[in-house]
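K.L.:
This is the content of start.txt (compact mmCIF, C-alpha atoms):
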# COMPACT_ATOMS: atom_id res chain seq x y z
CA GLY A 1 11.82 22.55 -23.50
CA GLU A 2 12.80 23.05 -19.88
CA ASN A 3 15.83 20.91 -19.19
CA VAL A 4 18.83 20.62 -16.88
CA GLU A 5 21.61 18.26 -17.92
CA GLN A 6 24.06 17.02 -15.30
CA HIS A 7 27.41 15.25 -15.71
CA PRO A 8 28.94 12.92 -14.74
CA SER A 9 26.35 10.45 -13.47
CA THR A 10 28.94 8.81 -11.21
CA LEU A 11 32.22 10.15 -9.88
CA SER A 12 34.83 8.41 -7.75
CA VAL A 13 37.66 10.37 -6.16
CA GLN A 14 40.33 9.66 -3.60
CA GLU A 15 39.92 11.25 -0.22
CA GLY A 16 41.53 14.68 -0.25
CA ASP A 17 41.11 15.17 -4.00
CA SER A 18 38.69 17.62 -5.61
CA ALA A 19 35.38 16.79 -7.28
CA VAL A 20 33.63 18.79 -9.98
CA ILE A 21 30.05 18.30 -11.15
CA LYS A 22 28.71 20.22 -14.13
CA CYS A 23 25.21 21.26 -15.17
CA THR A 24 23.77 22.94 -18.24
CA TYR A 25 20.36 24.60 -18.36
CA SER A 26 18.17 25.49 -21.32
CA ASP A 27 16.09 28.47 -20.18
CA SER A 28 18.10 31.68 -20.47
CA ALA A 29 15.65 33.36 -18.06
CA SER A 30 16.75 31.09 -15.20
CA ASN A 31 18.12 33.19 -12.35
CA TYR A 32 18.65 30.92 -9.36
CA PHE A 33 20.70 27.72 -9.20
CA PRO A 34 20.73 25.57 -6.04
CA TRP A 35 22.67 22.40 -5.35
CA TYR A 36 21.31 19.59 -3.18
CA LYS A 37 23.00 16.66 -1.45
CA GLN A 38 20.96 13.51 -0.90
CA GLU A 39 22.24 10.69 1.27
CA LEU A 40 20.73 7.25 0.91
CA GLY A 41 17.15 7.15 2.16
CA LYS A 42 17.16 10.80 3.20
CA ARG A 43 15.69 14.04 1.93
CA PRO A 44 17.61 16.33 -0.44
CA GLN A 45 19.43 19.01 1.54
CA LEU A 46 20.43 22.39 0.14
CA ILE A 47 24.21 22.80 0.33
CA ILE A 48 24.87 25.93 -1.72
CA ASP A 49 23.11 28.17 -4.21
CA ILE A 50 23.96 30.98 -6.59
CA ARG A 51 21.97 33.76 -8.24
CA SER A 52 22.43 34.98 -11.78
CA ASN A 53 24.02 38.28 -10.76
CA VAL A 54 27.00 36.45 -9.21
CA GLY A 55 29.68 34.45 -11.00
CA GLU A 56 31.02 32.46 -8.07
CA LYS A 57 30.12 31.64 -4.48
CA LYS A 58 32.13 29.74 -1.90
CA ASP A 59 31.28 28.14 1.44
CA GLN A 60 34.23 26.44 3.11
CA ARG A 61 35.11 23.41 0.95
CA ILE A 62 32.33 23.84 -1.58
CA ALA A 63 31.96 26.42 -4.32
CA VAL A 64 29.66 27.03 -7.23
CA THR A 65 30.50 28.85 -10.45
CA LEU A 66 28.05 30.20 -13.02
CA ASN A 67 28.61 31.07 -16.68
CA LYS A 68 25.39 32.70 -17.85
CA THR A 69 26.57 33.11 -21.43
CA ALA A 70 27.21 29.42 -21.80
CA LYS A 71 24.32 28.47 -19.48
CA HIS A 72 26.66 26.32 -17.40
CA PHE A 73 27.10 26.06 -13.65
CA SER A 74 29.36 23.78 -11.66
CA LEU A 75 29.83 22.47 -8.13
CA HIS A 76 33.37 22.19 -6.81
CA ILE A 77 34.21 20.23 -3.67
CA THR A 78 37.80 20.47 -2.43
CA GLU A 79 39.60 18.25 0.07
CA THR A 80 36.88 15.61 -0.23
CA GLN A 81 36.05 13.48 2.78
CA PRO A 82 34.19 10.14 3.05
CA GLU A 83 31.13 11.95 4.41
CA ASP A 84 30.88 13.83 1.11
CA SER A 85 29.78 10.55 -0.49
CA ALA A 86 26.17 11.05 -1.63
CA VAL A 87 24.08 11.92 -4.67
CA TYR A 88 24.28 15.56 -5.71
CA PHE A 89 21.55 17.31 -7.71
CA CYS A 90 21.72 20.64 -9.46
CA ALA A 91 18.59 22.64 -10.20
CA ALA A 92 17.55 25.74 -12.08
CA GLN A 93 14.66 28.03 -11.23
CA ILE A 94 12.48 29.03 -14.16
CA GLY A 95 9.22 30.89 -14.53
CA THR A 96 7.17 31.42 -11.37
CA TYR A 97 9.41 29.69 -8.80
CA LYS A 98 9.50 26.42 -10.73
CA TYR A 99 12.60 24.28 -10.10
CA ILE A 100 13.91 21.79 -12.64
CA PHE A 101 16.39 19.23 -11.33
CA GLY A 102 19.28 17.48 -13.01
CA THR A 103 19.55 13.71 -13.09
CA GLY A 104 22.03 13.52 -10.24
CA THR A 105 25.69 12.59 -9.70
CA ARG A 106 26.65 9.76 -7.38
CA LEU A 107 29.89 10.82 -5.69
CA LYS A 108 32.04 8.22 -4.00
CA VAL A 109 34.98 9.35 -1.92
CA LEU A 110 37.43 6.52 -1.48
CA ALA A 111 39.34 6.41 1.79
CA GLU B 1 12.12 25.97 12.87
CA ALA B 2 10.07 22.85 12.09
CA GLY B 3 10.71 21.27 8.71
CA VAL B 4 8.38 19.99 6.02
CA ALA B 5 6.35 17.12 7.44
CA GLN B 6 5.19 14.19 5.33
CA SER B 7 3.30 11.00 6.05
CA PRO B 8 3.27 8.11 5.72
CA ARG B 9 6.97 7.35 5.45
CA TYR B 10 6.42 4.09 3.58
CA LYS B 11 3.45 2.60 1.73
CA ILE B 12 3.04 -0.71 -0.05
CA ILE B 13 -0.06 -1.29 -2.18
CA GLU B 14 -1.16 -3.50 -5.00
CA LYS B 15 -1.71 -2.15 -8.50
CA ARG B 16 -5.13 -0.63 -9.09
CA GLN B 17 -5.46 0.32 -5.42
CA SER B 18 -5.58 3.93 -4.29
CA VAL B 19 -3.19 5.76 -1.99
CA ALA B 20 -2.92 9.23 -0.46
CA PHE B 21 0.04 11.19 0.84
CA TRP B 22 -0.02 14.15 3.19
CA CYS B 23 2.29 17.14 3.50
CA ASN B 24 2.52 20.04 5.92
CA PRO B 25 4.94 22.73 4.73
CA ILE B 26 7.07 25.02 6.82
CA SER B 27 4.90 27.67 8.46
CA GLY B 28 4.52 30.74 6.28
CA HIS B 29 5.68 29.09 3.06
CA ALA B 30 3.10 29.95 0.43
CA THR B 31 4.56 27.81 -2.35
CA LEU B 32 4.28 24.03 -2.07
CA TYR B 33 5.51 21.38 -4.47
CA TRP B 34 5.04 17.68 -5.01
CA TYR B 35 7.89 15.87 -6.71
CA GLN B 36 8.20 12.27 -7.87
CA GLN B 37 11.66 10.72 -7.53
CA ILE B 38 12.16 7.39 -9.26
CA LEU B 39 15.18 5.41 -8.06
CA GLY B 40 18.35 6.75 -9.63
CA GLN B 41 16.74 9.88 -11.06
CA GLY B 42 16.31 13.49 -10.09
CA PRO B 43 13.08 14.83 -8.60
CA LYS B 44 10.41 15.45 -11.24
CA LEU B 45 7.84 18.16 -10.54
CA LEU B 46 4.27 16.90 -10.43
CA ILE B 47 2.42 19.96 -9.18
CA GLN B 48 3.13 23.40 -7.72
CA PHE B 49 0.74 25.37 -5.52
CA GLN B 50 0.81 29.03 -4.61
CA ASN B 51 -1.36 29.29 -1.49
CA ASN B 52 -4.41 27.20 -2.48
CA GLY B 53 -4.10 27.74 -6.24
CA VAL B 54 -2.35 25.53 -8.78
CA VAL B 55 0.55 27.24 -10.57
CA ASP B 56 1.83 24.30 -12.62
CA ASP B 57 0.45 20.79 -13.02
CA SER B 58 1.66 20.16 -16.55
CA GLN B 59 3.54 16.98 -15.53
CA LEU B 60 0.75 15.53 -13.35
CA PRO B 61 -0.91 12.43 -14.89
CA LYS B 62 -4.37 13.77 -14.29
CA ASP B 63 -6.15 10.56 -15.24
CA ARG B 64 -4.88 8.97 -12.03
CA PHE B 65 -3.18 11.64 -9.89
CA SER B 66 -4.90 14.45 -8.03
CA ALA B 67 -3.72 16.96 -5.45
CA GLU B 68 -5.29 19.63 -3.35
CA ARG B 69 -4.31 22.35 -0.91
CA LEU B 70 -7.71 23.58 0.16
CA LYS B 71 -6.76 26.00 2.94
CA GLY B 72 -3.40 27.01 1.52
CA VAL B 73 -1.45 25.14 4.19
CA ASP B 74 -1.24 21.35 4.13
CA SER B 75 -1.70 19.31 0.98
CA THR B 76 -2.65 15.82 -0.10
CA LEU B 77 -1.60 13.92 -3.21
CA LYS B 78 -3.70 10.97 -4.33
CA ILE B 79 -3.14 8.21 -6.83
CA GLN B 80 -6.13 6.21 -8.05
CA PRO B 81 -5.67 3.64 -9.48
CA ALA B 82 -1.97 2.98 -8.92
CA LYS B 83 0.25 1.40 -11.56
CA LEU B 84 3.53 -0.45 -11.15
CA GLU B 85 5.42 2.48 -12.64
CA ASP B 86 4.19 4.75 -9.84
CA SER B 87 6.68 3.09 -7.49
CA ALA B 88 8.86 5.99 -6.38
CA VAL B 89 9.55 8.39 -3.54
CA TYR B 90 7.07 11.25 -3.39
CA LEU B 91 8.71 14.36 -2.04
CA CYS B 92 6.92 17.43 -0.79
CA ALA B 93 8.79 20.73 -0.69
CA SER B 94 8.03 24.29 0.29
CA ARG B 95 9.69 27.53 -0.69
CA ASP B 96 11.05 30.21 1.57
CA GLN B 97 9.50 33.43 0.28
CA ALA B 98 12.37 35.70 1.28
CA GLY B 99 15.38 33.78 0.03
CA GLY B 100 13.81 31.47 -2.52
CA LYS B 101 15.29 28.34 -0.98
CA LEU B 102 13.45 25.05 -1.38
CA PHE B 103 13.10 22.74 1.62
CA PHE B 104 12.14 19.09 1.25
CA GLY B 105 10.26 16.69 3.46
CA SER B 106 11.52 13.17 4.14
CA GLY B 107 9.30 11.75 1.42
CA THR B 108 6.92 8.84 1.12
CA GLN B 109 8.39 5.72 -0.44
CA LEU B 110 5.65 4.02 -2.45
CA SER B 111 5.93 0.45 -3.66
CA VAL B 112 3.24 -0.78 -6.05
CA LEU B 113 3.16 -4.58 -6.35
How does this structure look as structure tokens?
P.N.:
Amino acid sequence: GENVEQHPSTLSVQEGDSAVIKCTYSDSASNYFPWYKQELGKRPQLIIDIRSNVGEKKDQRIAVTLNKTAKHFSLHITETQPEDSAVYFCAAQIGTYKYIFGTGTRLKVLA
Amino acid sequence: EAGVAQSPRYKIIEKRQSVAFWCNPISGHATLYWYQQILGQGPKLLIQFQNNGVVDDSQLPKDRFSAERLKGVDSTLKIQPAKLEDSAVYLCASRDQAGGKLFFGSGTQLSVL
């Protein structure tokens, strides 16, 4: 069925280090993959997205990579800062603009 | 640009009571979604509207949940009767037609006692 797996569920890194979060999707027809950041008690906010015709996209300290053959996509955060601490969700678009979300990764950046 | 508006922000009810949530999407967004987010989990799609028509409600527990978007703009989600396991944040989102980006409201945090 329609599924997005996300790993790890929690991730702790030292300030300044890099963080990588990985997702796997099941529907090979998926063509759009957004990433959301959710701080405690707040709404999910889109931070970066990638379409299936692109292998990598970068925006300052964050980047997303996509491997369509393996149905994997990953979020990379470099030079992490305490304000990067949040829960991150990946998602995959399937069918008629339907978005399936991963289970989330709680990122803690230790000062 | 105004964001997705939701109300109420918080709601506490007893089990078997009914509750309704309201959402006003970003102007011009034809696609509207209701998601349920249980603590520690990712958003789970309950229902998707395209204008005033339902596109997907396969995950909506139709024996107790209902939703409508009569004029293709704002939407209401109702639970009747509520169960303890309905305690969650109910997020409304709308989709930007041009770029395909999804924008979320602040959510309604429901506690069923």
K.L.:
Name the residues in contact with Ile38 in chain B at a cut-off of 12 Å, using all atoms listed in the file, excluding same-chain residues fewer than 6 positions from it; report them as JSON, numbers by chain.
P.N.:
{"A": [103, 104], "B": [44, 45, 84, 85, 86, 87, 88, 89, 90, 91, 107, 108, 109, 110, 111]}
K.L.:
Any chance you could tabulate, as a Markdown table, the residues of chain A at most 8 Å from chain B with each one's nearest atom pair and distance in Å to one decimal, using all atoms listed in the file, in chain and rising number order?
P.N.:
| residue | atom | partner | partner_atom | distance |
| --- | --- | --- | --- | --- |
| A:Pro34 | CA | B:Lys101 | CA | 7.9 |
| A:Lys42 | CA | B:Ser106 | CA | 6.2 |
| A:Arg43 | CA | B:Ser106 | CA | 4.8 |
| A:Pro44 | CA | B:Phe104 | CA | 6.4 |
| A:Gln45 | CA | B:Phe104 | CA | 7.3 |
| A:Leu46 | CA | B:Phe103 | CA | 7.5 |
| A:Phe89 | CA | B:Gly42 | CA | 6.9 |
| A:Thr96 | CA | B:Val55 | CA | 7.9 |
| A:Tyr97 | CA | B:Gly100 | CA | 7.9 |
| A:Lys98 | CA | B:Gln48 | CA | 7.7 |
| A:Tyr99 | CA | B:Leu45 | CA | 7.8 |
| A:Ile100 | CA | B:Lys44 | CA | 7.4 |
| A:Phe101 | CA | B:Gly42 | CA | 5.9 |
| A:Gly102 | CA | B:Gly42 | CA | 5.8 |
| A:Thr103 | CA | B:Gly42 | CA | 4.4 |
| A:Gly104 | CA | B:Gly42 | CA | 5.7 |
K.L.:
So which residues touch Leu60 in chain B within 10 Å, counting all atoms listed in the file, skipping near sequence neighbours fewer than 2 positions away, as a VMD selection string?
P.N.:
chain B and resid 34 to 36 44 to 48 56 to 58 62 to 67
K.L.:
Using all atoms listed in the file, determine which residues lie at most 6 Å from range 70-87 of chain A, disregarding the query and same-chain residues fewer than 3 positions distant; provide the list as a ChimeraX atom specification.
P.N.:
/A:15-25,37-39,61-67,105-109
K.L.:
What is the distance, in Å and to one decimal place, between CA of Val4 in chain A and CA of Ile47 in chain A?
P.N.:
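We find that CA of Val4 in chain A and CA of Ile47 in chain A lie 18.2 Å from each other.
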K.L.:
As a PyMOL selection string, please: the residues near Thr69 in chain A (cut-off 12 Å, all atoms listed in the file, same-chain neighbours under 4 positions excluded).
P.N.:
chain A and resi 24-30+52+55+73
K.L.:
So how far away is CA of Ala98 in chain B from CA of Ser27 in chain B, in Å?
P.N.:
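That distance, rounded to one decimal, is 13.1 Å.
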K.L.:
What lies within 10 Å of Leu70 in chain B using all atoms listed in the file, ignoring chain neighbours under 3 positions off, as an MDAnalysis selection string?
P.N.:
chainID B and resid 51:53 67 73:76
K.L.:
List every protein, DNA or RNA residue that has at least one atom no more than 6 Å from (21.3, 27.3, -3.7) in the file's coordinates, counting all atoms listed in the file, and write the result as a list in words.
P.N.:
Phe33, Pro34, Trp35, Ile48, Asp49 and Ile50 of chain A
K.L.:
Generate N, CA, C and O atoms for range 28-46 of chain B and emit them as a PDB file, in the frame of the given file.
P.N.:
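File produced: part_6.pdb:
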ATOM      1  N   GLY B  28       4.292  29.495   7.009  1.00  0.00           N
ATOM      2  CA  GLY B  28       4.520  30.740   6.280  1.00  0.00           C
ATOM      3  C   GLY B  28       4.960  30.570   4.841  1.00  0.00           C
ATOM      4  O   GLY B  28       5.028  31.544   4.085  1.00  0.00           O
ATOM      5  N   HIS B  29       5.268  29.333   4.440  1.00  0.00           N
ATOM      6  CA  HIS B  29       5.680  29.090   3.060  1.00  0.00           C
ATOM      7  C   HIS B  29       4.438  28.968   2.178  1.00  0.00           C
ATOM      8  O   HIS B  29       3.671  28.023   2.295  1.00  0.00           O
ATOM      9  N   ALA B  30       4.288  29.921   1.274  1.00  0.00           N
ATOM     10  CA  ALA B  30       3.100  29.950   0.430  1.00  0.00           C
ATOM     11  C   ALA B  30       3.171  28.973  -0.741  1.00  0.00           C
ATOM     12  O   ALA B  30       2.162  28.520  -1.246  1.00  0.00           O
ATOM     13  N   THR B  31       4.386  28.674  -1.184  1.00  0.00           N
ATOM     14  CA  THR B  31       4.560  27.810  -2.350  1.00  0.00           C
ATOM     15  C   THR B  31       4.880  26.394  -1.911  1.00  0.00           C
ATOM     16  O   THR B  31       5.818  26.177  -1.153  1.00  0.00           O
ATOM     17  N   LEU B  32       4.121  25.446  -2.415  1.00  0.00           N
ATOM     18  CA  LEU B  32       4.280  24.030  -2.070  1.00  0.00           C
ATOM     19  C   LEU B  32       4.389  23.217  -3.336  1.00  0.00           C
ATOM     20  O   LEU B  32       3.700  23.490  -4.324  1.00  0.00           O
ATOM     21  N   TYR B  33       5.252  22.223  -3.304  1.00  0.00           N
ATOM     22  CA  TYR B  33       5.510  21.380  -4.470  1.00  0.00           C
ATOM     23  C   TYR B  33       5.393  19.908  -4.114  1.00  0.00           C
ATOM     24  O   TYR B  33       5.768  19.501  -3.014  1.00  0.00           O
ATOM     25  N   TRP B  34       4.929  19.134  -5.082  1.00  0.00           N
ATOM     26  CA  TRP B  34       5.040  17.680  -5.010  1.00  0.00           C
ATOM     27  C   TRP B  34       5.960  17.222  -6.136  1.00  0.00           C
ATOM     28  O   TRP B  34       5.762  17.582  -7.296  1.00  0.00           O
ATOM     29  N   TYR B  35       6.965  16.436  -5.757  1.00  0.00           N
ATOM     30  CA  TYR B  35       7.890  15.870  -6.710  1.00  0.00           C
ATOM     31  C   TYR B  35       7.825  14.340  -6.653  1.00  0.00           C
ATOM     32  O   TYR B  35       7.593  13.762  -5.591  1.00  0.00           O
ATOM     33  N   GLN B  36       8.058  13.715  -7.792  1.00  0.00           N
ATOM     34  CA  GLN B  36       8.200  12.270  -7.870  1.00  0.00           C
ATOM     35  C   GLN B  36       9.669  11.953  -8.144  1.00  0.00           C
ATOM     36  O   GLN B  36      10.255  12.514  -9.084  1.00  0.00           O
ATOM     37  N   GLN B  37      10.270  11.093  -7.311  1.00  0.00           N
ATOM     38  CA  GLN B  37      11.660  10.720  -7.530  1.00  0.00           C
ATOM     39  C   GLN B  37      11.761   9.211  -7.708  1.00  0.00           C
ATOM     40  O   GLN B  37      11.626   8.449  -6.749  1.00  0.00           O
ATOM     41  N   ILE B  38      11.948   8.799  -8.949  1.00  0.00           N
ATOM     42  CA  ILE B  38      12.160   7.390  -9.260  1.00  0.00           C
ATOM     43  C   ILE B  38      13.606   7.051  -8.955  1.00  0.00           C
ATOM     44  O   ILE B  38      14.504   7.886  -9.141  1.00  0.00           O
ATOM     45  N   LEU B  39      13.838   5.842  -8.491  1.00  0.00           N
ATOM     46  CA  LEU B  39      15.180   5.410  -8.060  1.00  0.00           C
ATOM     47  C   LEU B  39      16.224   5.716  -9.126  1.00  0.00           C
ATOM     48  O   LEU B  39      16.072   5.348 -10.293  1.00  0.00           O
ATOM     49  N   GLY B  40      17.264   6.447  -8.719  1.00  0.00           N
ATOM     50  CA  GLY B  40      18.350   6.750  -9.630  1.00  0.00           C
ATOM     51  C   GLY B  40      18.135   7.978 -10.493  1.00  0.00           C
ATOM     52  O   GLY B  40      18.973   8.288 -11.351  1.00  0.00           O
ATOM     53  N   GLN B  41      17.034   8.689 -10.261  1.00  0.00           N
ATOM     54  CA  GLN B  41      16.740   9.880 -11.060  1.00  0.00           C
ATOM     55  C   GLN B  41      16.579  11.108 -10.177  1.00  0.00           C
ATOM     56  O   GLN B  41      16.457  10.992  -8.956  1.00  0.00           O
ATOM     57  N   GLY B  42      16.548  12.255 -10.812  1.00  0.00           N
ATOM     58  CA  GLY B  42      16.310  13.490 -10.090  1.00  0.00           C
ATOM     59  C   GLY B  42      14.833  13.694  -9.831  1.00  0.00           C
ATOM     60  O   GLY B  42      13.989  13.068 -10.485  1.00  0.00           O
ATOM     61  N   PRO B  43      14.498  14.540  -8.870  1.00  0.00           N
ATOM     62  CA  PRO B  43      13.080  14.830  -8.600  1.00  0.00           C
ATOM     63  C   PRO B  43      12.408  15.434  -9.828  1.00  0.00           C
ATOM     64  O   PRO B  43      12.962  16.324 -10.477  1.00  0.00           O
ATOM     65  N   LYS B  44      11.215  14.950 -10.110  1.00  0.00           N
ATOM     66  CA  LYS B  44      10.410  15.450 -11.240  1.00  0.00           C
ATOM     67  C   LYS B  44       9.182  16.135 -10.673  1.00  0.00           C
ATOM     68  O   LYS B  44       8.423  15.540  -9.911  1.00  0.00           O
ATOM     69  N   LEU B  45       8.971  17.397 -11.064  1.00  0.00           N
ATOM     70  CA  LEU B  45       7.840  18.160 -10.540  1.00  0.00           C
ATOM     71  C   LEU B  45       6.523  17.587 -11.029  1.00  0.00           C
ATOM     72  O   LEU B  45       6.317  17.389 -12.226  1.00  0.00           O
ATOM     73  N   LEU B  46       5.624  17.332 -10.081  1.00  0.00           N
ATOM     74  CA  LEU B  46       4.270  16.900 -10.430  1.00  0.00           C
ATOM     75  C   LEU B  46       3.305  18.086 -10.402  1.00  0.00           C
ATOM     76  O   LEU B  46       2.521  18.281 -11.331  1.00  0.00           O
TER      77      LEU B  46
END
